[in-house]
file target-v3.txt (compact mmCIF, C-alpha atoms and all ligand atoms)
# COMPACT_ATOMS: atom_id res chain seq x y z
CA MET I 1 -59.51 -24.90 -40.65
CA ALA I 2 -61.65 -21.87 -39.96
CA GLN I 3 -59.70 -18.93 -38.72
CA LEU I 4 -60.70 -17.93 -35.17
CA PHE I 5 -59.13 -14.54 -35.47
CA PRO I 6 -59.05 -12.24 -38.44
CA PRO I 7 -55.54 -11.82 -39.95
CA SER I 8 -55.36 -8.25 -38.63
CA SER I 9 -55.38 -9.53 -35.01
CA ASN I 10 -51.80 -10.65 -35.57
CA SER I 11 -50.59 -7.10 -35.89
CA ILE I 12 -52.77 -5.99 -32.99
CA VAL I 13 -51.05 -8.53 -30.77
CA LYS I 14 -47.67 -7.35 -32.02
CA ALA I 15 -48.59 -3.76 -31.34
CA ALA I 16 -49.78 -4.69 -27.86
CA PHE I 17 -46.50 -6.47 -27.14
CA ALA I 18 -44.50 -3.52 -28.43
CA ALA I 19 -46.51 -1.13 -26.26
CA GLY I 20 -46.02 -3.42 -23.26
CA ALA I 21 -42.29 -3.56 -23.82
CA LEU I 22 -42.17 0.20 -24.12
CA VAL I 23 -44.05 0.69 -20.85
CA LEU I 24 -41.73 -1.78 -19.13
CA CYS I 25 -38.63 0.05 -20.38
CA LEU I 26 -40.10 3.33 -19.22
CA ALA I 27 -40.82 1.89 -15.77
CA VAL I 28 -37.26 0.56 -15.47
CA TRP I 29 -35.88 3.92 -16.57
CA VAL I 30 -38.04 5.81 -14.04
CA ALA I 31 -37.01 3.41 -11.25
CA TYR I 32 -33.37 3.93 -12.22
CA ARG I 33 -33.69 7.74 -12.11
CA VAL I 34 -35.57 7.68 -8.82
CA GLU I 35 -32.95 5.39 -7.26
CA ARG I 36 -30.36 8.04 -8.16
CA THR I 37 -32.23 10.93 -6.55
CA THR I 38 -31.05 12.37 -3.26
CA TYR I 39 -33.97 10.70 -1.49
CA PHE I 40 -32.28 7.34 -2.00
CA THR I 41 -28.62 8.32 -2.22
CA LYS I 42 -29.04 10.35 0.99
CA ALA I 43 -26.85 13.12 -0.42
CA GLY I 44 -27.52 16.27 1.54
CA VAL I 45 -29.45 14.45 4.29
CA ALA I 46 -27.88 14.77 7.74
CA CYS I 47 -27.18 11.48 9.55
CA GLU I 48 -28.38 10.86 13.11
CA GLN I 49 -25.34 10.56 15.39
CA PRO I 50 -24.89 9.49 19.04
CA VAL I 51 -23.20 12.89 19.62
CA PRO I 52 -24.29 15.94 17.59
CA PHE I 53 -20.76 16.58 16.32
CA SER I 54 -20.48 19.69 14.16
CA HIS I 55 -17.79 20.04 11.50
CA LYS I 56 -18.99 23.60 11.00
CA HIS I 57 -18.11 24.44 14.58
CA HIS I 58 -14.86 22.52 14.85
CA VAL I 59 -13.44 23.19 11.36
CA SER I 60 -14.78 26.59 10.29
CA GLY I 61 -15.21 27.93 13.83
CA LEU I 62 -12.17 26.56 15.64
CA GLY I 63 -9.96 26.06 12.59
CA ILE I 64 -9.00 22.44 13.31
CA ASP I 65 -7.42 20.67 10.31
CA CYS I 66 -9.22 17.66 8.82
CA ARG I 67 -6.17 15.52 9.40
CA TYR I 68 -6.06 16.26 13.12
CA CYS I 69 -9.06 13.94 13.46
CA HIS I 70 -8.88 11.87 10.29
CA VAL I 71 -5.22 11.07 10.77
CA SER I 72 -4.71 8.28 8.29
CA ALA I 73 -6.27 9.91 5.19
CA GLU I 74 -2.85 10.71 3.79
CA ASP I 75 -1.09 7.44 4.56
CA SER I 76 -3.60 4.64 4.25
CA SER I 77 -6.66 3.50 2.40
CA PHE I 78 -8.89 4.63 5.28
CA ALA I 79 -9.32 8.18 6.50
CA GLY I 80 -10.52 6.77 9.83
CA LEU I 81 -12.77 8.25 12.49
CA PRO I 82 -11.16 9.88 15.55
CA PRO I 83 -10.90 7.92 18.80
CA THR I 84 -12.51 9.46 21.88
CA ARG I 85 -9.18 10.58 23.29
CA THR I 86 -8.85 13.01 20.35
CA CYS I 87 -12.03 14.69 21.55
CA MET I 88 -10.88 14.58 25.17
CA THR I 89 -7.71 16.55 24.47
CA CYS I 90 -10.09 19.52 24.47
CA HIS I 91 -13.24 18.26 26.14
CA SER I 92 -11.51 17.29 29.36
CA GLN I 93 -10.97 21.08 29.57
CA VAL I 94 -13.88 22.74 27.77
CA TRP I 95 -17.58 22.02 27.96
CA THR I 96 -16.84 19.36 30.59
CA GLN I 97 -20.41 19.38 31.93
CA ALA I 98 -22.33 19.73 28.66
CA GLN I 99 -25.18 17.28 28.27
CA MET I 100 -24.43 17.08 24.57
CA LEU I 101 -21.07 15.54 25.41
CA ALA I 102 -22.33 12.95 27.90
CA ALA I 103 -21.79 10.11 25.43
CA VAL I 104 -18.22 11.28 24.81
CA ARG I 105 -17.40 11.27 28.55
CA ARG I 106 -19.03 7.87 28.98
CA SER I 107 -16.93 6.52 26.12
CA ALA I 108 -13.75 7.95 27.72
CA GLU I 109 -14.63 6.31 31.06
CA THR I 110 -15.59 2.90 29.72
CA GLY I 111 -13.12 2.78 26.86
CA GLN I 112 -15.92 1.79 24.51
CA ALA I 113 -15.72 3.63 21.18
CA ILE I 114 -18.55 5.96 20.15
CA ALA I 115 -20.77 4.17 17.64
CA TRP I 116 -20.79 6.79 14.87
CA THR I 117 -23.24 6.22 12.05
CA ARG I 118 -21.29 5.86 8.83
CA VAL I 119 -22.10 8.53 6.26
CA ASP I 120 -20.12 7.40 3.23
CA ARG I 121 -19.83 3.77 2.44
CA LEU I 122 -18.96 1.89 -0.72
CA PRO I 123 -20.11 -1.66 -1.35
CA ASP I 124 -17.51 -4.27 -0.33
CA TYR I 125 -16.75 -5.19 -3.92
CA VAL I 126 -15.26 -1.74 -4.59
CA TYR I 127 -11.62 -1.02 -3.76
CA PHE I 128 -10.88 2.53 -2.69
CA ASP I 129 -7.78 4.16 -1.29
CA HIS I 130 -7.65 7.59 0.33
CA SER I 131 -3.91 8.09 0.36
CA ILE I 132 -3.38 7.99 -3.40
CA HIS I 133 -6.08 10.62 -3.91
CA VAL I 134 -5.01 12.89 -1.07
CA ARG I 135 -1.33 12.70 -2.04
CA LYS I 136 -2.20 13.57 -5.64
CA GLY I 137 -3.84 16.70 -4.29
CA VAL I 138 -7.52 15.78 -4.69
CA ALA I 139 -9.22 17.88 -2.02
CA CYS I 140 -11.42 16.18 0.58
CA GLN I 141 -14.20 18.55 -0.51
CA THR I 142 -14.07 17.38 -4.13
CA CYS I 143 -15.52 14.07 -2.98
CA HIS I 144 -17.19 14.90 0.33
CA GLY I 145 -18.62 18.33 -0.36
CA ARG I 146 -18.11 21.32 1.92
CA VAL I 147 -17.77 19.35 5.15
CA GLN I 148 -16.53 22.47 6.96
CA ARG I 149 -20.02 23.95 6.59
CA MET I 150 -21.96 20.95 7.86
CA PRO I 151 -23.53 21.23 11.33
CA LEU I 152 -24.26 17.49 11.10
CA THR I 153 -22.49 15.44 8.48
CA TRP I 154 -24.25 14.42 5.33
CA ARG I 155 -23.20 12.80 2.08
CA GLY I 156 -21.64 15.64 0.19
CA TYR I 157 -22.49 16.84 -3.22
CA PRO I 158 -21.51 16.25 -5.91
CA PHE I 159 -20.49 12.67 -5.11
CA PRO I 160 -22.86 10.11 -3.74
CA PHE I 161 -20.16 7.74 -5.03
CA HIS I 162 -21.78 5.99 -7.91
CA MET I 163 -19.44 4.32 -10.34
CA LYS I 164 -19.98 7.05 -12.91
CA ASP I 165 -18.84 9.67 -10.38
CA CYS I 166 -15.52 7.90 -9.85
CA LEU I 167 -15.12 7.40 -13.59
CA ALA I 168 -15.97 11.00 -14.41
CA CYS I 169 -12.75 12.05 -12.72
CA HIS I 170 -10.65 9.06 -13.76
CA ARG I 171 -11.53 9.84 -17.37
CA HIS I 172 -11.06 13.59 -17.12
CA PRO I 173 -9.07 14.46 -13.97
CA GLU I 174 -8.22 17.85 -15.50
CA ARG I 175 -11.85 18.91 -15.08
CA PHE I 176 -11.71 18.56 -11.29
CA PRO I 177 -10.08 21.09 -9.03
CA ARG I 178 -7.03 19.97 -7.10
CA GLU I 179 -4.93 21.74 -4.55
CA ASP I 180 -1.48 21.27 -5.95
CA ALA I 181 0.50 23.05 -8.59
CA GLU I 182 0.40 20.06 -10.89
CA LEU I 183 -3.32 20.39 -11.16
CA ALA I 184 -3.23 24.13 -11.61
CA ARG I 185 -1.14 23.43 -14.67
CA LEU I 186 -3.30 20.55 -15.79
CA SER I 187 -6.45 22.56 -15.65
CA ARG I 188 -4.97 25.22 -17.87
CA GLY I 189 -4.07 22.61 -20.44
CA PHE I 190 -0.65 21.44 -21.47
CA PRO I 191 1.79 23.85 -23.06
CA PRO I 192 3.17 22.54 -26.38
CA GLY I 193 6.51 21.48 -24.88
CA GLU I 194 4.85 19.04 -22.50
CA ARG I 195 2.98 16.82 -24.90
CA GLY I 196 5.06 13.83 -23.85
CA HIS I 197 4.04 14.28 -20.27
CA ALA I 198 0.42 14.77 -21.26
CA ALA I 199 0.46 11.56 -23.27
CA ALA I 200 2.03 9.62 -20.40
CA LEU I 201 -0.56 10.95 -17.99
CA ALA I 202 -3.43 10.30 -20.37
CA GLU I 203 -2.17 6.72 -20.72
CA HIS I 204 -1.92 6.32 -16.97
CA VAL I 205 -5.38 7.69 -16.34
CA ARG I 206 -6.84 5.47 -19.04
CA LEU I 207 -5.47 2.51 -17.10
CA LEU I 208 -7.35 3.69 -14.06
CA THR I 209 -10.65 3.11 -15.83
CA ASP I 210 -9.93 -0.62 -16.13
CA CYS I 211 -12.40 -2.62 -14.10
CA TYR I 212 -9.56 -4.14 -12.08
CA THR I 213 -8.57 -0.73 -10.67
CA CYS I 214 -11.66 -0.64 -8.49
CA HIS I 215 -12.93 -4.21 -8.55
CA ARG I 216 -10.12 -6.55 -7.48
C1 LIG Z 301 -9.24 21.50 19.57
C2 LIG Z 301 -10.26 21.35 20.59
C3 LIG Z 301 -11.45 20.46 20.34
C4 LIG Z 301 -11.45 19.15 19.91
C5 LIG Z 301 -10.27 18.29 19.52
C6 LIG Z 301 -12.84 18.74 19.93
N1 LIG Z 301 -13.64 19.76 20.32
FE1 LIG Z 301 -15.66 19.70 20.49
N2 LIG Z 301 -15.70 21.67 21.00
C7 LIG Z 301 -14.57 22.43 21.23
C8 LIG Z 301 -14.98 23.74 21.71
C9 LIG Z 301 -14.06 24.89 22.08
C10 LIG Z 301 -16.40 23.72 21.75
C11 LIG Z 301 -17.33 24.85 22.15
C12 LIG Z 301 -17.66 25.62 20.91
C13 LIG Z 301 -18.35 26.89 21.21
O1 LIG Z 301 -19.52 26.84 21.58
O2 LIG Z 301 -17.71 27.91 21.05
C14 LIG Z 301 -16.81 22.40 21.31
C15 LIG Z 301 -18.13 21.99 21.23
C16 LIG Z 301 -18.52 20.68 21.00
C17 LIG Z 301 -19.90 20.23 21.05
C18 LIG Z 301 -21.11 21.06 21.37
C19 LIG Z 301 -21.87 21.37 20.12
C20 LIG Z 301 -21.15 22.37 19.30
O3 LIG Z 301 -20.58 21.97 18.28
O4 LIG Z 301 -21.12 23.53 19.67
C21 LIG Z 301 -19.88 18.89 20.77
C22 LIG Z 301 -21.07 17.94 20.69
C23 LIG Z 301 -18.49 18.52 20.54
N3 LIG Z 301 -17.69 19.65 20.71
C24 LIG Z 301 -18.06 17.24 20.25
C25 LIG Z 301 -16.75 16.91 19.97
C26 LIG Z 301 -16.31 15.57 19.61
C27 LIG Z 301 -17.22 14.36 19.47
C28 LIG Z 301 -14.97 15.63 19.41
C29 LIG Z 301 -14.05 14.52 18.98
C30 LIG Z 301 -14.35 13.89 17.70
C31 LIG Z 301 -14.56 17.01 19.66
N4 LIG Z 301 -15.66 17.75 20.00
C32 LIG Z 301 -13.25 17.46 19.57
C33 LIG Z 301 -13.26 22.05 21.06
C34 LIG Z 301 -12.83 20.82 20.60
C1 LIG Z 302 -12.51 17.59 15.72
C2 LIG Z 302 -12.46 16.41 14.92
C3 LIG Z 302 -12.79 16.46 13.44
C4 LIG Z 302 -12.30 17.31 12.47
C5 LIG Z 302 -11.33 18.45 12.65
C6 LIG Z 302 -12.87 16.87 11.21
N1 LIG Z 302 -13.68 15.80 11.43
FE1 LIG Z 302 -14.68 14.73 10.00
N2 LIG Z 302 -15.56 13.62 11.46
C7 LIG Z 302 -15.33 13.72 12.82
C8 LIG Z 302 -16.25 12.85 13.54
C9 LIG Z 302 -16.32 12.68 15.05
C10 LIG Z 302 -17.02 12.18 12.57
C11 LIG Z 302 -18.14 11.15 12.80
C12 LIG Z 302 -19.45 11.86 13.06
C13 LIG Z 302 -20.03 12.49 11.82
O1 LIG Z 302 -20.19 11.82 10.80
O2 LIG Z 302 -20.32 13.69 11.87
C14 LIG Z 302 -16.57 12.70 11.28
C15 LIG Z 302 -17.09 12.29 10.05
C16 LIG Z 302 -16.61 12.71 8.81
C17 LIG Z 302 -17.06 12.21 7.54
C18 LIG Z 302 -18.11 11.14 7.34
C19 LIG Z 302 -17.46 9.79 7.47
C20 LIG Z 302 -18.39 8.62 7.37
O3 LIG Z 302 -18.42 7.97 6.33
O4 LIG Z 302 -19.10 8.35 8.34
C21 LIG Z 302 -16.37 12.87 6.58
C22 LIG Z 302 -16.50 12.68 5.09
C23 LIG Z 302 -15.49 13.80 7.25
N3 LIG Z 302 -15.65 13.67 8.60
C24 LIG Z 302 -14.66 14.66 6.58
C25 LIG Z 302 -13.94 15.68 7.22
C26 LIG Z 302 -13.26 16.74 6.52
C27 LIG Z 302 -13.20 16.88 5.01
C28 LIG Z 302 -12.71 17.56 7.46
C29 LIG Z 302 -11.96 18.86 7.25
C30 LIG Z 302 -12.66 19.84 6.45
C31 LIG Z 302 -13.03 16.98 8.76
N4 LIG Z 302 -13.80 15.85 8.57
C32 LIG Z 302 -12.61 17.46 9.98
C33 LIG Z 302 -14.39 14.52 13.41
C34 LIG Z 302 -13.67 15.51 12.78
C1 LIG Z 303 -11.52 10.69 -4.41
C2 LIG Z 303 -12.57 10.90 -3.47
C3 LIG Z 303 -12.23 11.12 -2.01
C4 LIG Z 303 -11.36 12.03 -1.47
C5 LIG Z 303 -10.45 13.01 -2.17
C6 LIG Z 303 -11.47 11.89 -0.02
N1 LIG Z 303 -12.38 10.92 0.29
FE1 LIG Z 303 -12.97 10.34 2.13
N2 LIG Z 303 -14.09 8.84 1.35
C7 LIG Z 303 -14.28 8.62 0.00
C8 LIG Z 303 -15.03 7.39 -0.19
C9 LIG Z 303 -15.43 6.78 -1.53
C10 LIG Z 303 -15.31 6.88 1.11
C11 LIG Z 303 -16.04 5.58 1.45
C12 LIG Z 303 -14.97 4.50 1.59
C13 LIG Z 303 -15.48 3.11 1.80
O1 LIG Z 303 -16.62 2.88 2.17
O2 LIG Z 303 -14.66 2.17 1.61
C14 LIG Z 303 -14.72 7.83 2.05
C15 LIG Z 303 -14.77 7.70 3.44
C16 LIG Z 303 -14.28 8.66 4.32
C17 LIG Z 303 -14.42 8.61 5.77
C18 LIG Z 303 -15.10 7.51 6.56
C19 LIG Z 303 -14.05 6.60 7.20
C20 LIG Z 303 -13.22 5.85 6.20
O3 LIG Z 303 -11.99 6.02 6.24
O4 LIG Z 303 -13.76 5.10 5.38
C21 LIG Z 303 -13.83 9.73 6.27
C22 LIG Z 303 -13.71 10.14 7.74
C23 LIG Z 303 -13.30 10.48 5.15
N3 LIG Z 303 -13.59 9.80 3.97
C24 LIG Z 303 -12.60 11.67 5.27
C25 LIG Z 303 -11.85 12.25 4.26
C26 LIG Z 303 -10.90 13.34 4.44
C27 LIG Z 303 -10.60 14.04 5.75
C28 LIG Z 303 -10.36 13.60 3.21
C29 LIG Z 303 -9.28 14.61 2.85
C30 LIG Z 303 -8.03 14.54 3.62
C31 LIG Z 303 -10.99 12.70 2.26
N4 LIG Z 303 -11.87 11.88 2.93
C32 LIG Z 303 -10.74 12.65 0.88
C33 LIG Z 303 -13.83 9.42 -1.03
C34 LIG Z 303 -12.88 10.43 -0.90
C1 LIG Z 304 -11.62 14.12 -8.40
C2 LIG Z 304 -10.89 13.05 -9.01
C3 LIG Z 304 -11.09 11.61 -8.55
C4 LIG Z 304 -12.23 11.02 -8.11
C5 LIG Z 304 -13.61 11.63 -7.89
C6 LIG Z 304 -11.90 9.64 -7.87
N1 LIG Z 304 -10.59 9.41 -8.17
FE1 LIG Z 304 -9.59 7.63 -7.95
N2 LIG Z 304 -7.87 8.54 -8.57
C7 LIG Z 304 -7.73 9.86 -8.91
C8 LIG Z 304 -6.33 10.16 -9.15
C9 LIG Z 304 -5.74 11.51 -9.54
C10 LIG Z 304 -5.63 8.95 -8.95
C11 LIG Z 304 -4.12 8.73 -9.04
C12 LIG Z 304 -3.67 8.61 -10.44
C13 LIG Z 304 -2.18 8.45 -10.50
O1 LIG Z 304 -1.67 7.41 -10.04
O2 LIG Z 304 -1.54 9.36 -10.97
C14 LIG Z 304 -6.64 7.94 -8.60
C15 LIG Z 304 -6.34 6.61 -8.35
C16 LIG Z 304 -7.27 5.65 -7.95
C17 LIG Z 304 -6.98 4.26 -7.70
C18 LIG Z 304 -5.65 3.59 -7.90
C19 LIG Z 304 -5.03 3.26 -6.59
C20 LIG Z 304 -3.84 2.35 -6.75
O3 LIG Z 304 -3.43 1.86 -5.72
O4 LIG Z 304 -3.40 2.14 -7.87
C21 LIG Z 304 -8.16 3.67 -7.30
C22 LIG Z 304 -8.37 2.22 -6.90
C23 LIG Z 304 -9.17 4.69 -7.31
N3 LIG Z 304 -8.60 5.88 -7.72
C24 LIG Z 304 -10.50 4.45 -6.99
C25 LIG Z 304 -11.49 5.44 -6.99
C26 LIG Z 304 -12.88 5.20 -6.64
C27 LIG Z 304 -13.46 3.86 -6.24
C28 LIG Z 304 -13.51 6.40 -6.74
C29 LIG Z 304 -14.96 6.73 -6.47
C30 LIG Z 304 -15.47 6.39 -5.14
C31 LIG Z 304 -12.52 7.37 -7.17
N4 LIG Z 304 -11.31 6.75 -7.32
C32 LIG Z 304 -12.80 8.70 -7.40
C33 LIG Z 304 -8.73 10.79 -8.98
C34 LIG Z 304 -10.06 10.60 -8.60
C1 LIG Z 305 -12.90 4.24 -10.68
C2 LIG Z 305 -13.48 3.11 -10.06
C3 LIG Z 305 -14.27 2.11 -10.85
C4 LIG Z 305 -13.93 1.51 -12.04
C5 LIG Z 305 -12.71 1.76 -12.88
C6 LIG Z 305 -14.99 0.58 -12.35
N1 LIG Z 305 -15.94 0.60 -11.36
FE1 LIG Z 305 -17.63 -0.57 -11.26
N2 LIG Z 305 -18.19 0.39 -9.54
C7 LIG Z 305 -17.47 1.38 -8.91
C8 LIG Z 305 -18.23 1.82 -7.77
C9 LIG Z 305 -17.81 2.93 -6.79
C10 LIG Z 305 -19.42 1.06 -7.72
C11 LIG Z 305 -20.53 1.12 -6.67
C12 LIG Z 305 -21.66 1.95 -7.21
C13 LIG Z 305 -22.79 2.15 -6.23
O1 LIG Z 305 -22.69 1.80 -5.08
O2 LIG Z 305 -23.78 2.67 -6.71
C14 LIG Z 305 -19.36 0.14 -8.86
C15 LIG Z 305 -20.36 -0.77 -9.18
C16 LIG Z 305 -20.28 -1.68 -10.22
C17 LIG Z 305 -21.31 -2.66 -10.53
C18 LIG Z 305 -22.58 -2.88 -9.76
C19 LIG Z 305 -23.76 -2.20 -10.46
C20 LIG Z 305 -23.69 -0.71 -10.43
O3 LIG Z 305 -23.52 -0.11 -11.53
O4 LIG Z 305 -23.84 -0.09 -9.39
C21 LIG Z 305 -20.88 -3.34 -11.65
C22 LIG Z 305 -21.60 -4.48 -12.36
C23 LIG Z 305 -19.59 -2.78 -12.03
N3 LIG Z 305 -19.24 -1.77 -11.15
C24 LIG Z 305 -18.84 -3.20 -13.12
C25 LIG Z 305 -17.71 -2.56 -13.59
C26 LIG Z 305 -17.02 -2.91 -14.86
C27 LIG Z 305 -17.46 -4.00 -15.81
C28 LIG Z 305 -15.96 -2.06 -14.96
C29 LIG Z 305 -14.95 -1.96 -16.10
C30 LIG Z 305 -15.49 -1.57 -17.39
C31 LIG Z 305 -15.96 -1.19 -13.77
N4 LIG Z 305 -17.05 -1.53 -12.99
C32 LIG Z 305 -15.02 -0.23 -13.50
C33 LIG Z 305 -16.24 1.87 -9.28
C34 LIG Z 305 -15.56 1.53 -10.42
call {"tool": "encode", "arguments": {"input": "target-v3.txt", "output": "structure tokens"}}
result
Amino acid sequence: MAQLFPPSSNSIVKAAFAAGALVLCLAVWVAYRVERTTYFTKAGVACEQPVPFSHKHHVSGLGIDCRYCHVSAEDSSFAGLPPTRTCMTCHSQVWTQAQMLAAVRRSAETGQAIAWTRVDRLPDYVYFDHSIHVRKGVACQTCHGRVQRMPLTWRGYPFPFHMKDCLACHRHPERFPREDAELARLSRGFPPGERGHAAALAEHVRLLTDCYTCHR
């Protein structure tokens, strides 16, 4: 049979396919990078809220502790958002007429909770627990950024909570600042006498990178 195409066309087709595959990979890679930019992760972008609540004002200005409002961060998996009565302990006394607080007063009258827009949210298939982190001395700011400086709350740097961000610390917790003495020691490395402890901890942390730790 007469050949319709010269033999060289075979390699042209192959080259075309290879180029196509390359372009496709590049496109997927670009899409992946873009999806991880702050435009999509919303890190650093302030959320619209029904009340313009300012952490900057209440934490840095007035010196209120995080746990005064997020009471369960230390004892349960949820940090929790404060009920309206927490706000009213002060706002039944101060700024009682402020327009900005109208929604807070309405909520106190009707008993209907303020519908805060959630800032940080993991997909349902991820298990997370605040208490274990807080009790081990991981600072709120390590995961949420400098909340005390935020006039409106945004997703804090450096954690938009992708899997790799959780794993970065679970693999190398010594690289992340913690509040307690244990960490101070960890971050300086283990003295020779404490190798046993280091090995035990390394083993424990390795376990925390098992899929089951976060996907149960
Ligand atoms: C310990 C007392 C206290 C608590 C609790 C408190 N506030 Fe305030 N808040 C203040 C004071 C004082 C001001 C006035 C700040 C100023 O201008 O000096 C204020 C101001 C505000 C303002 C005006 C905007 C601003 O930040 O200046 C809003 C809105 C507000 N608070 C919302 C809330 C909400 C919502 C809660 C509950 C989650 C709450 N506050 C809990 C004391 C408190
Ligand atoms: C006076 C009460 C109050 C104090 C004190 C306070 N918060 Fe909040 N926090 C709120 C309220 C109200 C919201 C919901 C509105 C918003 O997102 O700004 C909130 C939201 C948040 C969120 C976003 C939660 C989400 O997913 O929607 C984080 C994270 C947070 N707070 C961390 C902190 C940290 C860290 C501190 C201490 C440095 C702190 N808060 C102190 C009242 C408080
Ligand atoms: C190890 C990282 C980490 C630390 C430390 C941490 N958080 Fe969170 N926080 C998260 C993650 C992840 C979420 C989203 C949870 C979800 O959607 O299930 C979250 C959610 C929240 C929320 C929204 C309500 C809720 O409970 O889901 C608040 C408020 C909050 N954190 C406050 C705090 C405060 C206050 C501290 C310090 C006492 C703190 N966090 C420490 C990672 C952390
Ligand atoms: C800055 C460090 C740090 C970050 C970031 C961090 N973790 Fe952890 N995590 C820890 C430490 C420390 C422990 C406790 C280890 C131990 O038991 O000694 C822990 C323990 C856990 C546990 C085990 C709880 C249990 O009941 O056994 C889970 C689940 C977990 N982390 C999920 C997450 C998820 C999901 C994220 C990301 C959203 C995350 N962690 C981010 C440091 C971190
Ligand atoms: C320390 C906690 C943690 C561990 C351990 C962990 N994951 Fe995840 N994983 C997450 C978080 C958080 C997300 C959500 C990421 C997001 O929303 O972008 C996630 C998302 C995923 C997804 C959805 C796609 C993606 O990447 O966003 C897959 C698939 C997945 N994990 C598989 C695994 C497997 C397989 C393992 C074991 C090798 C594992 N994970 C271990 C925290 C963890």
call {"tool": "residues_near_ligand", "arguments": {"input": "target-v3.txt", "ligand": "ligand LIG 301 (chain Z)", "cutoff": "10 Å", "atoms": "all atoms listed in the file", "output": "ChimeraX atom specification"}}
result
/I:49-59,61-65,68-70,81-96,98-105,114,116,151-152
call {"tool": "write_last_selection", "arguments": {"input": "target-v3.txt", "atoms": "C-alpha atoms", "output": "mmCIF file, in the frame of the given file"}}
result
data_model
loop_
_atom_site.group_PDB
_atom_site.id
_atom_site.type_symbol
_atom_site.label_atom_id
_atom_site.label_comp_id
_atom_site.auth_asym_id
_atom_site.auth_seq_id
_atom_site.Cartn_x
_atom_site.Cartn_y
_atom_site.Cartn_z
ATOM 1 C CA GLN I 49 -25.340 10.560 15.390
ATOM 2 C CA PRO I 50 -24.890 9.490 19.040
ATOM 3 C CA VAL I 51 -23.200 12.890 19.620
ATOM 4 C CA PRO I 52 -24.290 15.940 17.590
ATOM 5 C CA PHE I 53 -20.760 16.580 16.320
ATOM 6 C CA SER I 54 -20.480 19.690 14.160
ATOM 7 C CA HIS I 55 -17.790 20.040 11.500
ATOM 8 C CA LYS I 56 -18.990 23.600 11.000
ATOM 9 C CA HIS I 57 -18.110 24.440 14.580
ATOM 10 C CA HIS I 58 -14.860 22.520 14.850
ATOM 11 C CA VAL I 59 -13.440 23.190 11.360
ATOM 12 C CA GLY I 61 -15.210 27.930 13.830
ATOM 13 C CA LEU I 62 -12.170 26.560 15.640
ATOM 14 C CA GLY I 63 -9.960 26.060 12.590
ATOM 15 C CA ILE I 64 -9.000 22.440 13.310
ATOM 16 C CA ASP I 65 -7.420 20.670 10.310
ATOM 17 C CA TYR I 68 -6.060 16.260 13.120
ATOM 18 C CA CYS I 69 -9.060 13.940 13.460
ATOM 19 C CA HIS I 70 -8.880 11.870 10.290
ATOM 20 C CA LEU I 81 -12.770 8.250 12.490
ATOM 21 C CA PRO I 82 -11.160 9.880 15.550
ATOM 22 C CA PRO I 83 -10.900 7.920 18.800
ATOM 23 C CA THR I 84 -12.510 9.460 21.880
ATOM 24 C CA ARG I 85 -9.180 10.580 23.290
ATOM 25 C CA THR I 86 -8.850 13.010 20.350
ATOM 26 C CA CYS I 87 -12.030 14.690 21.550
ATOM 27 C CA MET I 88 -10.880 14.580 25.170
ATOM 28 C CA THR I 89 -7.710 16.550 24.470
ATOM 29 C CA CYS I 90 -10.090 19.520 24.470
ATOM 30 C CA HIS I 91 -13.240 18.260 26.140
ATOM 31 C CA SER I 92 -11.510 17.290 29.360
ATOM 32 C CA GLN I 93 -10.970 21.080 29.570
ATOM 33 C CA VAL I 94 -13.880 22.740 27.770
ATOM 34 C CA TRP I 95 -17.580 22.020 27.960
ATOM 35 C CA THR I 96 -16.840 19.360 30.590
ATOM 36 C CA ALA I 98 -22.330 19.730 28.660
ATOM 37 C CA GLN I 99 -25.180 17.280 28.270
ATOM 38 C CA MET I 100 -24.430 17.080 24.570
ATOM 39 C CA LEU I 101 -21.070 15.540 25.410
ATOM 40 C CA ALA I 102 -22.330 12.950 27.900
ATOM 41 C CA ALA I 103 -21.790 10.110 25.430
ATOM 42 C CA VAL I 104 -18.220 11.280 24.810
ATOM 43 C CA ARG I 105 -17.400 11.270 28.550
ATOM 44 C CA ILE I 114 -18.550 5.960 20.150
ATOM 45 C CA TRP I 116 -20.790 6.790 14.870
ATOM 46 C CA PRO I 151 -23.530 21.230 11.330
ATOM 47 C CA LEU I 152 -24.260 17.490 11.100
#
call {"tool": "residues_near_ligand", "arguments": {"input": "target-v3.txt", "ligand": "ligand LIG 304 (chain Z)", "cutoff": "9 Å", "atoms": "all atoms listed in the file", "output": "ChimeraX atom specification"}}
result
/I:77,122,126-139,142-143,159-178,201,204-205,208-209,212-216
call {"tool": "closest_residue", "arguments": {"input": "target-v3.txt", "among": "I:Ser76, I:Gln112, I:Ser107, I:Asn10", "to": "ligand LIG 303 (chain Z)", "atoms": "only C-alpha atoms and all ligand atoms"}}
result
I:Ser76
call {"tool": "atom_distance", "arguments": {"input": "target-v3.txt", "atom1": "atom C17 of ligand LIG 305 (chain Z)", "atom2": "CA of Leu22 (chain I)"}}
result
25.1 Å
call {"tool": "closest_residue", "arguments": {"input": "target-v3.txt", "among": "I:Ser60, I:Ala19, I:Glu74, I:Arg155", "to": "Arg118 (chain I)", "atoms": "only C-alpha atoms"}}
result
I:Arg155
call {"tool": "closest_residue", "arguments": {"input": "target-v3.txt", "among": "I:Cys211, I:Ala18, I:Ala108, I:Ala115", "to": "ligand LIG 302 (chain Z)", "atoms": "only C-alpha atoms and all ligand atoms"}}
result
I:Ala115
call {"tool": "atom_distance", "arguments": {"input": "target-v3.txt", "atom1": "atom O3 of ligand LIG 305 (chain Z)", "atom2": "CA of Tyr125 (chain I)"}}
result
11.4 Å
call {"tool": "axis_aligned_box", "arguments": {"input": "target-v3.txt", "around": "ligand LIG 305 (chain Z)", "padding_each_side": "5 Å", "output": "lines of an AutoDock Vina configuration file"}}
result
center_x = -18.3
center_y = -0.1
center_z = -11.2
size_x = 21.1
size_y = 18.7
size_z = 22.3
